Amino acid sequence: MTARSPRLRVPITALALILLAALAVGAHPEDAAADARTTIHRVTVPAGHFVPAGPDMAYQNDGFVLSLNAGQGFFTAPVPYHYDGTDHVFFTRVELLGVDGTPNGTCLTMYRAQPGDFLDVAMGDACAPTAGPGSAVFVPSPRRVNAGQRAYLWLRIGRTGSFYGARVTYTTNP
Amino acid sequence: MRLSIRTLATALAVTLLAAMLVAGLPGTDPEAEADLGPIEAVTVSAADFHPWIGGLNYQNQGMWLQAEYGQVARIPLPTNMAVRITNIKVRVLDDDPDNNMCISFGRAEPSDAASTLVGPQCTIGSNPTDPQTLTMQVFTNVTRFHTPYLFLVFEDSNADLRFYGATVFYREII
């Protein structure tokens with residue numbers, strides 16, 4: 001076995017270190033960290049968060065339950081997701097909590113407002129069960145909301161309905 | 001193979017130089033600032049707003065808002081960091097050159113029973129049907145002792161002007 005020339009030691013060692021560094025960079029430890037950062041969040045939007053769509057509705061909002069005295073009413077509330085500077089929020093599940101003796105009498109829709117485009121996009125809806133109080137679930141689609149957009153809920157409630165709130169599940173990574 | 005100190009130092013210097021070339025030399029990023037993080041944004045939709053006093057006429061469709069006089073909304077900034085609000089972009093459709101809307105940024109300081117206001121910035125209704133993007137420069141710091149909010153003032157009942165939302169740009173104070 002022949003000993004290597006001392007003149008080759010520097011470039012060989014440097015190349016080995018560069019290769020090692022490149023492998024370390026190529027491994028993208030932040031990718032692993034990104035996976036680890038994927039966190040499931042659940043927030044409850046209580047009845048008390050909803051504001052009437054106009055001033056002429058005969059309603060009563062006790063904070064924990066919202067009901068009408070006559071006719072039907074429309075209410076809206078932003079989804080209070082915790083925005084931590086990530087580029088996107090991904091909504092995975094919305095659960096309406098309420099009851100209405102009339103089928104399809106009390107329904108909840110999630111929208112994605114896009115002020116920059118002067119439009120919104122429906123993400124899904126569900127109607128309260130006729131026996132309960134109980135829950136109804138939908139899986140939002142599309143589910144992604146970015147920093148220039150805002151998710152909000154739109155509630156239609158009937159005279160025989162009681163709305164207690166919504167549970168929203170989301171992640172800050174897909 | 002035994003390495004001399006000189007060989008190892010030379011190899012390390014070459015490696016460091018290569019790593020700097022890959023990662024970028026320190027101090028050459030034009031966006032870098034010592035005390036501020038990157039630009040982030042959060043959007044406030046019409047659904048976030050509610051009338052500032054009772055008895056006013058308004059219509060809140062979640063996606064857009066028409067109103068008589070004042071409407072107010074909290075800005076859903078992250079609560080786990082101090083930030084500097086840099087500017088706010090507001091999206092408005094205004095079909096009436098005579099009626100306008102103004103927006104102000106507010107920073108409530110409940111512990112001092114005080115509030116700081118920036119603005120107002122108002123629409124220019126001279127170009128009917130054109131969408132408008134108002135840009136308001138703010139440059140105000142918000143800490144966990146403050147509550148940031150937006151205050152809209154609509155001229156008259158203003159049925160021809162629709163507010164669609166505002167995107168608030170900020171940078172973390174490091």
# chains A, B, ... in the order shown; residues from 1 in each chain; ligands from 1
$ residues_around --residues "Gln71 of chain B" --least-positions-apart "2" --cutoff "9 Å" --atoms "only C-alpha atoms" --output "PyMOL selection string"
chain B and resi 49-53+67-69+73+150-154
$ interface_residues --of "chain B" --to "chain A" --cutoff "6 Å" --atoms "only C-alpha atoms" --output "list of chain:residue names"
B:Thr7, B:Ala11, B:Thr15, B:Ala41, B:Val42, B:Thr43, B:Ala47, B:Asp48, B:Tyr58, B:Gln59, B:Asn60, B:Gly62, B:Met63, B:Pro78, B:Tyr164, B:Gly165
$ residues_around --residues "segment 79-93 of chain B" --least-positions-apart "5" --cutoff "8 Å" --atoms "only C-alpha atoms" --output "NGL selection string"
(:A and (115-116 or 118)) or (:B and (123 or 129-144 or 161-174))
$ write_last_selection --atoms "N, CA and C atoms" --output "JSON list (two decimals), in the first residue's frame"
[["chain", "number", "residue", "atom", "x", "y", "z"],
["A", 115, "PRO", "N", -60.46, 39.96, -0.01],
["A", 115, "PRO", "CA", -60.68, 41.38, -0.29],
["A", 115, "PRO", "C", -59.91, 41.87, -1.52],
["A", 116, "GLY", "N", -58.74, 41.32, -1.74],
["A", 116, "GLY", "CA", -57.95, 41.76, -2.89],
["A", 116, "GLY", "C", -58.62, 41.49, -4.22],
["A", 118, "PHE", "N", -62.11, 41.20, -4.36],
["A", 118, "PHE", "CA", -63.52, 41.60, -4.17],
["A", 118, "PHE", "C", -64.46, 40.40, -4.28],
["B", 123, "THR", "N", -61.50, 57.53, 1.18],
["B", 123, "THR", "CA", -61.67, 57.19, -0.23],
["B", 123, "THR", "C", -61.85, 58.47, -1.04],
["B", 129, "THR", "N", -67.28, 53.23, -9.86],
["B", 129, "THR", "CA", -67.14, 51.80, -10.20],
["B", 129, "THR", "C", -65.70, 51.29, -10.11],
["B", 130, "ASP", "N", -64.75, 52.18, -10.00],
["B", 130, "ASP", "CA", -63.38, 51.69, -9.89],
["B", 130, "ASP", "C", -63.13, 51.12, -8.49],
["B", 131, "PRO", "N", -62.54, 49.94, -8.42],
["B", 131, "PRO", "CA", -62.12, 49.47, -7.11],
["B", 131, "PRO", "C", -60.99, 50.34, -6.59],
["B", 132, "GLN", "N", -60.99, 50.54, -5.31],
["B", 132, "GLN", "CA", -59.96, 51.39, -4.73],
["B", 132, "GLN", "C", -59.15, 50.62, -3.71],
["B", 133, "THR", "N", -57.88, 50.88, -3.73],
["B", 133, "THR", "CA", -57.00, 50.36, -2.68],
["B", 133, "THR", "C", -56.40, 51.56, -1.97],
["B", 134, "LEU", "N", -56.87, 51.77, -0.76],
["B", 134, "LEU", "CA", -56.26, 52.82, 0.05],
["B", 134, "LEU", "C", -55.04, 52.24, 0.74],
["B", 135, "THR", "N", -53.99, 53.00, 0.78],
["B", 135, "THR", "CA", -52.81, 52.56, 1.53],
["B", 135, "THR", "C", -52.52, 53.59, 2.61],
["B", 136, "MET", "N", -52.52, 53.11, 3.83],
["B", 136, "MET", "CA", -52.27, 54.01, 4.95],
["B", 136, "MET", "C", -50.95, 53.63, 5.62],
["B", 137, "GLN", "N", -50.04, 54.57, 5.72],
["B", 137, "GLN", "CA", -48.79, 54.34, 6.43],
["B", 137, "GLN", "C", -49.05, 54.49, 7.92],
["B", 138, "VAL", "N", -48.52, 53.57, 8.71],
["B", 138, "VAL", "CA", -48.83, 53.60, 10.14],
["B", 138, "VAL", "C", -47.56, 53.77, 10.98],
["B", 139, "PHE", "N", -46.63, 52.82, 10.87],
["B", 139, "PHE", "CA", -45.38, 52.86, 11.65],
["B", 139, "PHE", "C", -45.63, 53.05, 13.15],
["B", 140, "THR", "N", -46.44, 52.15, 13.69],
["B", 140, "THR", "CA", -46.76, 52.21, 15.11],
["B", 140, "THR", "C", -46.47, 50.85, 15.74],
["B", 141, "ASN", "N", -45.84, 50.86, 16.89],
["B", 141, "ASN", "CA", -45.53, 49.61, 17.58],
["B", 141, "ASN", "C", -46.74, 49.13, 18.38],
["B", 142, "VAL", "N", -46.94, 47.83, 18.39],
["B", 142, "VAL", "CA", -48.02, 47.23, 19.17],
["B", 142, "VAL", "C", -47.41, 46.14, 20.04],
["B", 143, "THR", "N", -47.60, 46.27, 21.35],
["B", 143, "THR", "CA", -47.09, 45.26, 22.28],
["B", 143, "THR", "C", -48.28, 44.51, 22.88],
["B", 144, "ARG", "N", -47.98, 43.60, 23.82],
["B", 144, "ARG", "CA", -49.07, 42.83, 24.42],
["B", 144, "ARG", "C", -49.92, 43.68, 25.35],
["B", 161, "LEU", "N", -71.28, 52.45, -1.38],
["B", 161, "LEU", "CA", -69.88, 52.17, -1.05],
["B", 161, "LEU", "C", -69.80, 50.87, -0.24],
["B", 162, "ARG", "N", -68.97, 49.98, -0.69],
["B", 162, "ARG", "CA", -68.81, 48.69, 0.00],
["B", 162, "ARG", "C", -67.36, 48.53, 0.44],
["B", 163, "PHE", "N", -67.20, 48.25, 1.72],
["B", 163, "PHE", "CA", -65.89, 47.94, 2.29],
["B", 163, "PHE", "C", -65.71, 46.42, 2.23],
["B", 164, "TYR", "N", -64.60, 45.94, 1.64],
["B", 164, "TYR", "CA", -64.36, 44.50, 1.48],
["B", 164, "TYR", "C", -63.33, 43.94, 2.46],
["B", 165, "GLY", "N", -62.54, 44.77, 3.03],
["B", 165, "GLY", "CA", -61.55, 44.26, 3.97],
["B", 165, "GLY", "C", -60.26, 45.04, 3.92],
["B", 166, "ALA", "N", -59.38, 44.72, 4.83],
["B", 166, "ALA", "CA", -58.10, 45.43, 4.91],
["B", 166, "ALA", "C", -57.02, 44.42, 5.28],
["B", 167, "THR", "N", -55.86, 44.56, 4.67],
["B", 167, "THR", "CA", -54.72, 43.72, 5.01],
["B", 167, "THR", "C", -53.69, 44.58, 5.74],
["B", 168, "VAL", "N", -53.34, 44.11, 6.92],
["B", 168, "VAL", "CA", -52.43, 44.86, 7.79],
["B", 168, "VAL", "C", -51.05, 44.23, 7.70],
["B", 169, "PHE", "N", -50.08, 45.02, 7.35],
["B", 169, "PHE", "CA", -48.69, 44.53, 7.22],
["B", 169, "PHE", "C", -47.91, 44.93, 8.48],
["B", 170, "TYR", "N", -47.10, 43.99, 8.97],
["B", 170, "TYR", "CA", -46.37, 44.26, 10.20],
["B", 170, "TYR", "C", -45.05, 43.50, 10.20],
["B", 171, "ARG", "N", -44.19, 43.88, 11.10],
["B", 171, "ARG", "CA", -42.91, 43.18, 11.28],
["B", 171, "ARG", "C", -42.68, 42.97, 12.77],
["B", 172, "GLU", "N", -42.22, 41.80, 13.10],
["B", 172, "GLU", "CA", -41.95, 41.51, 14.51],
["B", 172, "GLU", "C", -40.79, 42.36, 15.01],
["B", 173, "ILE", "N", -40.95, 42.89, 16.20],
["B", 173, "ILE", "CA", -39.84, 43.61, 16.85],
["B", 173, "ILE", "C", -39.02, 42.59, 17.61],
["B", 174, "ILE", "N", -37.79, 42.40, 17.18],
["B", 174, "ILE", "CA", -36.96, 41.34, 17.76],
["B", 174, "ILE", "C", -36.16, 41.86, 18.94]]
$ residues_around --residues "His146 of chain B" --least-positions-apart "4" --cutoff "8 Å" --atoms "only C-alpha atoms" --output "PyMOL selection string"
chain B and resi 107-110+142
$ residues_around --residues "Ile40 of chain A" --least-positions-apart "2" --cutoff "8 Å" --atoms "only C-alpha atoms" --output "list in words"
Thr38, Arg42, Thr169, Tyr170, Thr171 and Thr172 of chain A
$ write_last_selection --atoms "N, CA and C atoms" --output "PDB file, in the first residue's frame"
ATOM      1  N   THR A  38     -46.109  20.891  12.463  1.00  0.00           N
ATOM      2  CA  THR A  38     -47.514  20.745  12.109  1.00  0.00           C
ATOM      3  C   THR A  38     -48.317  20.487  13.375  1.00  0.00           C
ATOM      4  N   ARG A  42     -57.724  23.653  17.679  1.00  0.00           N
ATOM      5  CA  ARG A  42     -59.184  23.651  17.720  1.00  0.00           C
ATOM      6  C   ARG A  42     -59.642  24.909  18.443  1.00  0.00           C
ATOM      7  N   THR A 169     -61.502  23.132  13.444  1.00  0.00           N
ATOM      8  CA  THR A 169     -60.190  22.491  13.546  1.00  0.00           C
ATOM      9  C   THR A 169     -59.326  22.927  12.377  1.00  0.00           C
ATOM     10  N   TYR A 170     -58.077  23.275  12.651  1.00  0.00           N
ATOM     11  CA  TYR A 170     -57.177  23.694  11.574  1.00  0.00           C
ATOM     12  C   TYR A 170     -55.738  23.344  11.924  1.00  0.00           C
ATOM     13  N   THR A 171     -54.905  23.344  10.913  1.00  0.00           N
ATOM     14  CA  THR A 171     -53.472  23.172  11.143  1.00  0.00           C
ATOM     15  C   THR A 171     -52.749  24.364  10.514  1.00  0.00           C
ATOM     16  N   THR A 172     -51.551  24.585  10.965  1.00  0.00           N
ATOM     17  CA  THR A 172     -50.757  25.665  10.371  1.00  0.00           C
ATOM     18  C   THR A 172     -49.760  25.114   9.364  1.00  0.00           C
TER      19      THR A 172
END
$ closest_residue --among "A:Val99, A:Ala128, A:Met123, A:Val137" --to "Arg167 of chain A" --atoms "only C-alpha atoms"
A:Val137
$ atom_distance --atom1 "atom CA of Gly119 of chain B" --atom2 "atom CA of Asn57 of chain B"
24.0 Å
$ select_by_dssp --residues "segment 27-151 of chain A" --states "strand (DSSP E)" --output "PyMOL selection string"
chain A and resi 40-46+51-52+59-61+66-68+73-78+88-100+107-114+119-127+134-138+144-146+150-151
$ closest_residue --among "A:Pro103, A:Gly165, A:Gly124, A:Gly158" --to "Pro142 of chain A" --atoms "only C-alpha atoms"
A:Gly124
$ atom_distance --atom1 "atom CA of Arg93 of chain A" --atom2 "atom CA of Leu155 of chain A"
16.5 Å
$ residues_around --residues "segment 57-68 of chain A" --least-positions-apart "5" --cutoff "8 Å" --atoms "only C-alpha atoms" --output "list in words"
Pro46, Ala47, Gly48, His49, Pro52, Gly73, Ile157, Gly158, Arg159, Thr160, Gly161, Ser162, Phe163, Tyr164 and Gly165 of chain A
$ residues_around --residues "Tyr149 of chain B" --least-positions-apart "4" --cutoff "10 Å" --atoms "only C-alpha atoms" --output "PDB file with N, CA and C atoms, in the first residue's frame"
ATOM      1  N   VAL B  44     -58.225  41.585   7.748  1.00  0.00           N
ATOM      2  CA  VAL B  44     -59.468  41.822   8.482  1.00  0.00           C
ATOM      3  C   VAL B  44     -60.583  41.880   7.445  1.00  0.00           C
ATOM      4  N   PHE B  49     -66.231  43.228  11.641  1.00  0.00           N
ATOM      5  CA  PHE B  49     -66.704  44.540  12.107  1.00  0.00           C
ATOM      6  C   PHE B  49     -68.068  44.463  12.782  1.00  0.00           C
ATOM      7  N   VAL B  72     -66.389  49.162  13.879  1.00  0.00           N
ATOM      8  CA  VAL B  72     -65.092  48.933  14.509  1.00  0.00           C
ATOM      9  C   VAL B  72     -64.770  47.438  14.509  1.00  0.00           C
ATOM     10  N   ALA B  73     -63.473  47.096  14.407  1.00  0.00           N
ATOM     11  CA  ALA B  73     -63.044  45.698  14.411  1.00  0.00           C
ATOM     12  C   ALA B  73     -61.663  45.598  15.032  1.00  0.00           C
ATOM     13  N   ARG B  74     -61.452  44.533  15.790  1.00  0.00           N
ATOM     14  CA  ARG B  74     -60.121  44.240  16.309  1.00  0.00           C
ATOM     15  C   ARG B  74     -59.263  43.643  15.196  1.00  0.00           C
ATOM     16  N   ILE B  75     -57.987  43.995  15.144  1.00  0.00           N
ATOM     17  CA  ILE B  75     -57.052  43.401  14.183  1.00  0.00           C
ATOM     18  C   ILE B  75     -56.472  42.136  14.816  1.00  0.00           C
ATOM     19  N   PRO B  76     -56.649  40.967  14.164  1.00  0.00           N
ATOM     20  CA  PRO B  76     -56.215  39.704  14.787  1.00  0.00           C
ATOM     21  C   PRO B  76     -54.714  39.459  14.643  1.00  0.00           C
ATOM     22  N   LEU B  77     -53.930  40.333  15.215  1.00  0.00           N
ATOM     23  CA  LEU B  77     -52.472  40.155  15.187  1.00  0.00           C
ATOM     24  C   LEU B  77     -52.059  39.044  16.140  1.00  0.00           C
ATOM     25  N   SER B 104     -59.376  54.598  10.109  1.00  0.00           N
ATOM     26  CA  SER B 104     -58.316  54.964  11.034  1.00  0.00           C
ATOM     27  C   SER B 104     -57.795  53.707  11.700  1.00  0.00           C
ATOM     28  N   PHE B 105     -56.497  53.726  12.025  1.00  0.00           N
ATOM     29  CA  PHE B 105     -55.900  52.662  12.827  1.00  0.00           C
ATOM     30  C   PHE B 105     -55.892  53.114  14.272  1.00  0.00           C
ATOM     31  N   GLY B 106     -56.329  52.231  15.159  1.00  0.00           N
ATOM     32  CA  GLY B 106     -56.334  52.575  16.577  1.00  0.00           C
ATOM     33  C   GLY B 106     -55.496  51.600  17.375  1.00  0.00           C
ATOM     34  N   ARG B 107     -54.833  52.110  18.382  1.00  0.00           N
ATOM     35  CA  ARG B 107     -54.075  51.258  19.303  1.00  0.00           C
ATOM     36  C   ARG B 107     -54.573  51.543  20.713  1.00  0.00           C
ATOM     37  N   ALA B 108     -55.471  50.667  21.177  1.00  0.00           N
ATOM     38  CA  ALA B 108     -56.051  50.872  22.506  1.00  0.00           C
ATOM     39  C   ALA B 108     -55.037  50.486  23.574  1.00  0.00           C
ATOM     40  N   LEU B 117     -54.585  57.082  17.799  1.00  0.00           N
ATOM     41  CA  LEU B 117     -55.201  56.943  16.486  1.00  0.00           C
ATOM     42  C   LEU B 117     -54.252  57.422  15.398  1.00  0.00           C
TER      43      LEU B 117
END
